[in-house]
Structures are given as C-alpha cells and as structure tokens.
file final.pdb (PDB, C-alpha atoms)
ATOM      1  CA  MET A   1      -3.224  14.154   1.235  1.00  0.00           C
ATOM      2  CA  ARG A   2      -4.787  10.707   1.133  1.00  0.00           C
ATOM      3  CA  TYR A   3      -3.587   7.466   2.636  1.00  0.00           C
ATOM      4  CA  TRP A   4      -3.406   4.008   1.125  1.00  0.00           C
ATOM      5  CA  LEU A   5      -2.234   0.456   1.723  1.00  0.00           C
ATOM      6  CA  MET A   6      -0.356  -1.383  -1.031  1.00  0.00           C
ATOM      7  CA  LYS A   7       0.290  -5.107  -0.851  1.00  0.00           C
ATOM      8  CA  SER A   8       3.211  -7.006  -2.294  1.00  0.00           C
ATOM      9  CA  GLU A   9       4.518 -10.512  -1.840  1.00  0.00           C
ATOM     10  CA  PRO A  10       7.931 -10.068  -0.185  1.00  0.00           C
ATOM     11  CA  ASP A  11       9.555 -12.806  -2.253  1.00  0.00           C
ATOM     12  CA  ALA A  12       8.444 -11.062  -5.483  1.00  0.00           C
ATOM     13  CA  PHE A  13       9.041  -7.418  -4.468  1.00  0.00           C
ATOM     14  CA  GLY A  14       9.506  -6.603  -0.819  1.00  0.00           C
ATOM     15  CA  TRP A  15      10.200  -3.544   1.267  1.00  0.00           C
ATOM     16  CA  GLU A  16      13.978  -3.916   0.884  1.00  0.00           C
ATOM     17  CA  ASP A  17      13.564  -4.001  -2.893  1.00  0.00           C
ATOM     18  CA  LEU A  18      11.759  -0.654  -2.817  1.00  0.00           C
ATOM     19  CA  VAL A  19      14.358   0.806  -0.455  1.00  0.00           C
ATOM     20  CA  ALA A  20      17.086  -0.297  -2.902  1.00  0.00           C
ATOM     21  CA  LYS A  21      15.407   1.745  -5.683  1.00  0.00           C
ATOM     22  CA  GLY A  22      16.202   4.940  -3.761  1.00  0.00           C
ATOM     23  CA  ALA A  23      14.659   8.305  -4.570  1.00  0.00           C
ATOM     24  CA  ALA A  24      13.827   7.175  -8.126  1.00  0.00           C
ATOM     25  CA  GLY A  25      11.328   4.687  -6.722  1.00  0.00           C
ATOM     26  CA  GLU A  26       9.574   2.047  -8.748  1.00  0.00           C
ATOM     27  CA  GLU A  27       6.369   1.420 -10.696  1.00  0.00           C
ATOM     28  CA  TRP A  28       3.690  -0.367  -8.675  1.00  0.00           C
ATOM     29  CA  ASP A  29       2.991  -2.567 -11.672  1.00  0.00           C
ATOM     30  CA  GLY A  30       1.230  -5.834 -12.307  1.00  0.00           C
ATOM     31  CA  VAL A  31      -2.082  -4.924 -10.683  1.00  0.00           C
ATOM     32  CA  ARG A  32      -4.908  -6.645 -12.567  1.00  0.00           C
ATOM     33  CA  ASN A  33      -7.935  -5.757 -10.471  1.00  0.00           C
ATOM     34  CA  TYR A  34     -10.225  -2.912 -11.530  1.00  0.00           C
ATOM     35  CA  GLN A  35     -10.920  -1.636  -8.013  1.00  0.00           C
ATOM     36  CA  ALA A  36      -7.198  -1.596  -7.149  1.00  0.00           C
ATOM     37  CA  ARG A  37      -6.458   0.139 -10.460  1.00  0.00           C
ATOM     38  CA  ASN A  38      -9.155   2.718  -9.772  1.00  0.00           C
ATOM     39  CA  ASN A  39      -7.634   3.354  -6.350  1.00  0.00           C
ATOM     40  CA  MET A  40      -4.296   4.045  -8.044  1.00  0.00           C
ATOM     41  CA  ARG A  41      -6.036   6.407 -10.472  1.00  0.00           C
ATOM     42  CA  ALA A  42      -7.245   8.376  -7.425  1.00  0.00           C
ATOM     43  CA  MET A  43      -3.727   8.745  -6.003  1.00  0.00           C
ATOM     44  CA  GLU A  44      -1.897  12.043  -6.129  1.00  0.00           C
ATOM     45  CA  ARG A  45       1.776  12.904  -5.805  1.00  0.00           C
ATOM     46  CA  GLY A  46       2.672  13.109  -2.139  1.00  0.00           C
ATOM     47  CA  ASP A  47       0.025  10.654  -0.954  1.00  0.00           C
ATOM     48  CA  LEU A  48       1.407   8.135   1.528  1.00  0.00           C
ATOM     49  CA  ALA A  49       0.846   4.396   1.603  1.00  0.00           C
ATOM     50  CA  PHE A  50       1.572   1.554   3.938  1.00  0.00           C
ATOM     51  CA  PHE A  51       3.797  -1.083   2.338  1.00  0.00           C
ATOM     52  CA  TYR A  52       2.208  -4.396   3.301  1.00  0.00           C
ATOM     53  CA  HIS A  53       3.948  -7.745   2.944  1.00  0.00           C
ATOM     54  CA  SER A  54       1.265 -10.224   1.922  1.00  0.00           C
ATOM     55  CA  GLN A  55       1.417 -14.006   1.958  1.00  0.00           C
ATOM     56  CA  SER A  56       4.089 -14.972   4.512  1.00  0.00           C
ATOM     57  CA  ASP A  57       4.480 -11.933   6.791  1.00  0.00           C
ATOM     58  CA  LYS A  58       1.005 -10.392   6.515  1.00  0.00           C
ATOM     59  CA  ALA A  59       2.228  -7.145   8.040  1.00  0.00           C
ATOM     60  CA  VAL A  60       2.664  -3.446   7.410  1.00  0.00           C
ATOM     61  CA  VAL A  61       6.437  -3.008   7.234  1.00  0.00           C
ATOM     62  CA  GLY A  62       6.968   0.516   5.914  1.00  0.00           C
ATOM     63  CA  ILE A  63       5.657   3.768   4.511  1.00  0.00           C
ATOM     64  CA  CYS A  64       6.015   4.767   0.876  1.00  0.00           C
ATOM     65  CA  GLU A  65       5.118   7.909  -1.059  1.00  0.00           C
ATOM     66  CA  VAL A  66       3.406   8.285  -4.429  1.00  0.00           C
ATOM     67  CA  ILE A  67       5.902  10.086  -6.678  1.00  0.00           C
ATOM     68  CA  ALA A  68       4.102   9.734 -10.038  1.00  0.00           C
ATOM     69  CA  THR A  69       0.381   9.570 -10.716  1.00  0.00           C
ATOM     70  CA  ALA A  70      -1.361   6.877 -12.737  1.00  0.00           C
ATOM     71  CA  HIS A  71       0.226   6.043 -16.082  1.00  0.00           C
ATOM     72  CA  PRO A  72       0.280   3.001 -18.388  1.00  0.00           C
ATOM     73  CA  ASP A  73       1.660  -0.124 -16.731  1.00  0.00           C
ATOM     74  CA  SER A  74       4.902  -0.991 -18.524  1.00  0.00           C
ATOM     75  CA  THR A  75       4.393  -4.724 -17.931  1.00  0.00           C
ATOM     76  CA  THR A  76       1.481  -4.968 -20.369  1.00  0.00           C
ATOM     77  CA  ASP A  77       0.304  -3.624 -23.721  1.00  0.00           C
ATOM     78  CA  ASP A  78      -3.299  -3.649 -22.477  1.00  0.00           C
ATOM     79  CA  PRO A  79      -4.343   0.009 -22.065  1.00  0.00           C
ATOM     80  CA  ARG A  80      -6.805  -0.858 -19.289  1.00  0.00           C
ATOM     81  CA  TRP A  81      -4.000  -1.302 -16.753  1.00  0.00           C
ATOM     82  CA  GLU A  82      -2.263   1.607 -15.106  1.00  0.00           C
ATOM     83  CA  CYS A  83       0.067   2.046 -12.160  1.00  0.00           C
ATOM     84  CA  VAL A  84       1.707   4.701 -10.020  1.00  0.00           C
ATOM     85  CA  ASP A  85       5.330   5.132  -8.985  1.00  0.00           C
ATOM     86  CA  VAL A  86       6.294   4.995  -5.313  1.00  0.00           C
ATOM     87  CA  ARG A  87       9.428   5.448  -3.243  1.00  0.00           C
ATOM     88  CA  ALA A  88      10.288   4.208   0.237  1.00  0.00           C
ATOM     89  CA  VAL A  89       9.974   6.793   3.002  1.00  0.00           C
ATOM     90  CA  LYS A  90      10.457   4.972   6.301  1.00  0.00           C
ATOM     91  CA  PRO A  91      10.455   1.422   7.664  1.00  0.00           C
ATOM     92  CA  PHE A  92       8.230   0.539  10.582  1.00  0.00           C
ATOM     93  CA  LYS A  93      10.057   0.143  13.891  1.00  0.00           C
ATOM     94  CA  ARG A  94       7.691  -2.712  14.641  1.00  0.00           C
ATOM     95  CA  PRO A  95       5.737  -4.495  11.892  1.00  0.00           C
ATOM     96  CA  VAL A  96       1.969  -4.309  12.321  1.00  0.00           C
ATOM     97  CA  THR A  97       0.564  -7.734  11.587  1.00  0.00           C
ATOM     98  CA  LEU A  98      -2.846  -8.560  10.178  1.00  0.00           C
ATOM     99  CA  ALA A  99      -3.624 -10.262  13.497  1.00  0.00           C
ATOM    100  CA  MET A 100      -2.872  -7.008  15.353  1.00  0.00           C
ATOM    101  CA  VAL A 101      -5.170  -5.100  13.003  1.00  0.00           C
ATOM    102  CA  LYS A 102      -7.987  -7.624  13.389  1.00  0.00           C
ATOM    103  CA  ASP A 103      -7.592  -7.611  17.182  1.00  0.00           C
ATOM    104  CA  ASP A 104      -7.947  -3.824  17.432  1.00  0.00           C
ATOM    105  CA  PRO A 105     -11.647  -2.849  17.611  1.00  0.00           C
ATOM    106  CA  ARG A 106     -10.831   0.631  16.283  1.00  0.00           C
ATOM    107  CA  LEU A 107      -9.797  -0.988  12.972  1.00  0.00           C
ATOM    108  CA  GLN A 108     -12.792  -3.298  12.476  1.00  0.00           C
ATOM    109  CA  ASP A 109     -14.030  -1.321   9.450  1.00  0.00           C
ATOM    110  CA  MET A 110     -10.617  -1.030   7.776  1.00  0.00           C
ATOM    111  CA  ALA A 111     -10.510  -2.286   4.187  1.00  0.00           C
ATOM    112  CA  LEU A 112      -7.660  -4.630   5.176  1.00  0.00           C
ATOM    113  CA  VAL A 113     -10.168  -6.452   7.395  1.00  0.00           C
ATOM    114  CA  ARG A 114     -13.277  -6.141   5.206  1.00  0.00           C
ATOM    115  CA  THR A 115     -11.811  -6.649   1.699  1.00  0.00           C
ATOM    116  CA  SER A 116      -8.579  -8.370   2.561  1.00  0.00           C
ATOM    117  CA  ARG A 117      -7.772  -9.570  -0.962  1.00  0.00           C
ATOM    118  CA  LEU A 118      -7.701  -6.072  -2.502  1.00  0.00           C
ATOM    119  CA  SER A 119      -4.065  -5.207  -3.278  1.00  0.00           C
ATOM    120  CA  VAL A 120      -4.406  -1.404  -3.282  1.00  0.00           C
ATOM    121  CA  GLN A 121      -6.864   0.050  -0.809  1.00  0.00           C
ATOM    122  CA  PRO A 122      -7.723   3.330   0.905  1.00  0.00           C
ATOM    123  CA  VAL A 123      -6.845   4.014   4.538  1.00  0.00           C
ATOM    124  CA  SER A 124      -8.662   6.652   6.580  1.00  0.00           C
ATOM    125  CA  PRO A 125      -6.656   9.297   8.468  1.00  0.00           C
ATOM    126  CA  GLN A 126      -7.767   7.714  11.764  1.00  0.00           C
ATOM    127  CA  GLU A 127      -6.683   4.235  10.620  1.00  0.00           C
ATOM    128  CA  TRP A 128      -3.357   5.734   9.484  1.00  0.00           C
ATOM    129  CA  GLU A 129      -2.706   7.193  12.932  1.00  0.00           C
ATOM    130  CA  ILE A 130      -3.630   3.962  14.721  1.00  0.00           C
ATOM    131  CA  ILE A 131      -1.434   1.765  12.474  1.00  0.00           C
ATOM    132  CA  CYS A 132       1.498   4.181  12.806  1.00  0.00           C
ATOM    133  CA  ALA A 133       1.108   4.134  16.604  1.00  0.00           C
ATOM    134  CA  LEU A 134       0.972   0.325  16.672  1.00  0.00           C
ATOM    135  CA  GLY A 135       4.118   0.260  14.545  1.00  0.00           C
ATOM    136  CA  GLU A 136       5.830   2.851  16.735  1.00  0.00           C
ATOM    137  CA  THR A 137       6.446   4.895  13.599  1.00  0.00           C
ATOM    138  CA  ALA A 138       5.511   8.431  12.585  1.00  0.00           C
ATOM    139  CA  VAL A 139       6.152  10.396   9.422  1.00  0.00           C
TER     140      VAL A 139
END
call {"tool": "encode", "arguments": {"input": "final.pdb", "output": "structure tokens"}}
result
Amino acid sequence: MRYWLMKSEPDAFGWEDLVAKGAAGEEWDGVRNYQARNNMRAMERGDLAFFYHSQSDKAVVGICEVIATAHPDSTTDDPRWECVDVRAVKPFKRPVTLAMVKDDPRLQDMALVRTSRLSVQPVSPQEWEIICALGETAV
C-alpha cells in the first residue's frame, strides 16, 4: 500500500461532498498537471490518501481510499489527462493544518512543504503516521 495527499478547494469539492458520494466514491477529475497525473497513474486500488482542503482551510481533513485506478478523465476529451476514483474512509478528529505540518521538524521534507502547489503528491509511511497522530485519527 502507498500513501498520498490529494488537494481540493472546499468550495469546489470538499470533504463533505466526497462523504455524500458514499461507497460509490467520485472521480478525482480536473487535474491538469503532469506530475500530479503521473502520481495518480502510480496509484493502486486500496491505496490511502489524505484529503486536503486547499485555499481557505489549508488542512488535512480526512482519509480517502483509491477505489479505481487511473482512467480517462471524464471532464475532458484530451487523452493526456487521467484520474482515479476515491471514496471517503474517515474524517480527521482534528484537522492538521499546513502551519502544523511546517512547524513539525519531522515533516520538513514532506512534499506538502517542499512542493506545496502540487495537487496530488506522495506521502511516506512515516509522514502518514505523524499526520494521523497529529490529527488524532487512525485507520
């Protein structure tokens, strides 16, 4: 299993929107960055990802699971763009803010700190454990 972080603007598609989709989940569509797309191509069913509210909240608010591997993005006819499907697994008891991540020296090399604009990024197993502990949440 691999771990990821997926960013979404909460006013466009937030955690509650994914929760409302239930077990069927939703496409993680609209990604138009090659590195983020390539990260989705590397995802496998059962991988877990942090759901990160970008823009206003700037916080990890939940955990989602990859339920379908990379396939054509239904929001475009351009074959270069693919997406995965995800479903909500569990909300965080306490959101983990970007400030909390930046303040923790154990997370200084995390992609969220180093390449903050990347919308889909890998998370190491150690980073996963630390973020889950900060958010008082375990899977």
call {"tool": "resolve_selection", "arguments": {"input": "final.pdb", "expression": "the PyMOL selection byres ((chain A and resi 92) around 9)", "output": "list in words"}}
result
Val60, Val61, Gly62, Ile63, Lys90, Pro91, Lys93, Arg94, Pro95, Val96, Cys132, Gly135, Glu136, Thr137 and Ala138 of chain A
call {"tool": "residues_around", "arguments": {"input": "final.pdb", "residues": "stretch 10-27 of chain A", "least_positions_apart": "2", "cutoff": "12 Å", "atoms": "all atoms listed in the file", "output": "PyMOL selection string"}}
result
chain A and resi 6-8+29-31+40+50-75+82-92+95
call {"tool": "resolve_selection", "arguments": {"input": "final.pdb", "expression": "the PyMOL selection byres ((chain A and resi 101) around 12)", "output": "number ranges by chain"}}
result
A: 58-60, 95-100, 102-114, 116, 127-128, 130-135
call {"tool": "closest_residue", "arguments": {"input": "final.pdb", "among": "A:Val139, A:Trp4, A:Gln121, A:Glu129", "to": "A:Asp47", "atoms": "all atoms listed in the file"}}
result
A:Trp4
call {"tool": "closest_residue", "arguments": {"input": "final.pdb", "among": "A:Arg2, A:Pro125, A:Arg80, A:Val120", "to": "A:Asn39", "atoms": "all atoms listed in the file"}}
result
A:Val120
call {"tool": "atom_distance", "arguments": {"input": "final.pdb", "atom1": "atom CA of A:Tyr3", "atom2": "atom CA of A:Ala49"}}
result
5.5 Å
call {"tool": "atom_distance", "arguments": {"input": "final.pdb", "atom1": "atom CA of A:Pro122", "atom2": "atom CA of A:Leu48"}}
result
10.3 Å
call {"tool": "axis_aligned_box", "arguments": {"input": "final.pdb", "around": "stretch 26-38 of chain A", "padding_each_side": "3 Å", "output": "lines of an AutoDock Vina configuration file"}}
result
center_x = -0.7
center_y = -2.0
center_z = -9.9
size_x = 26.5
size_y = 15.4
size_z = 11.4
call {"tool": "atom_distance", "arguments": {"input": "final.pdb", "atom1": "atom CA of A:Met1", "atom2": "atom CA of A:Arg32"}}
result
25.0 Å
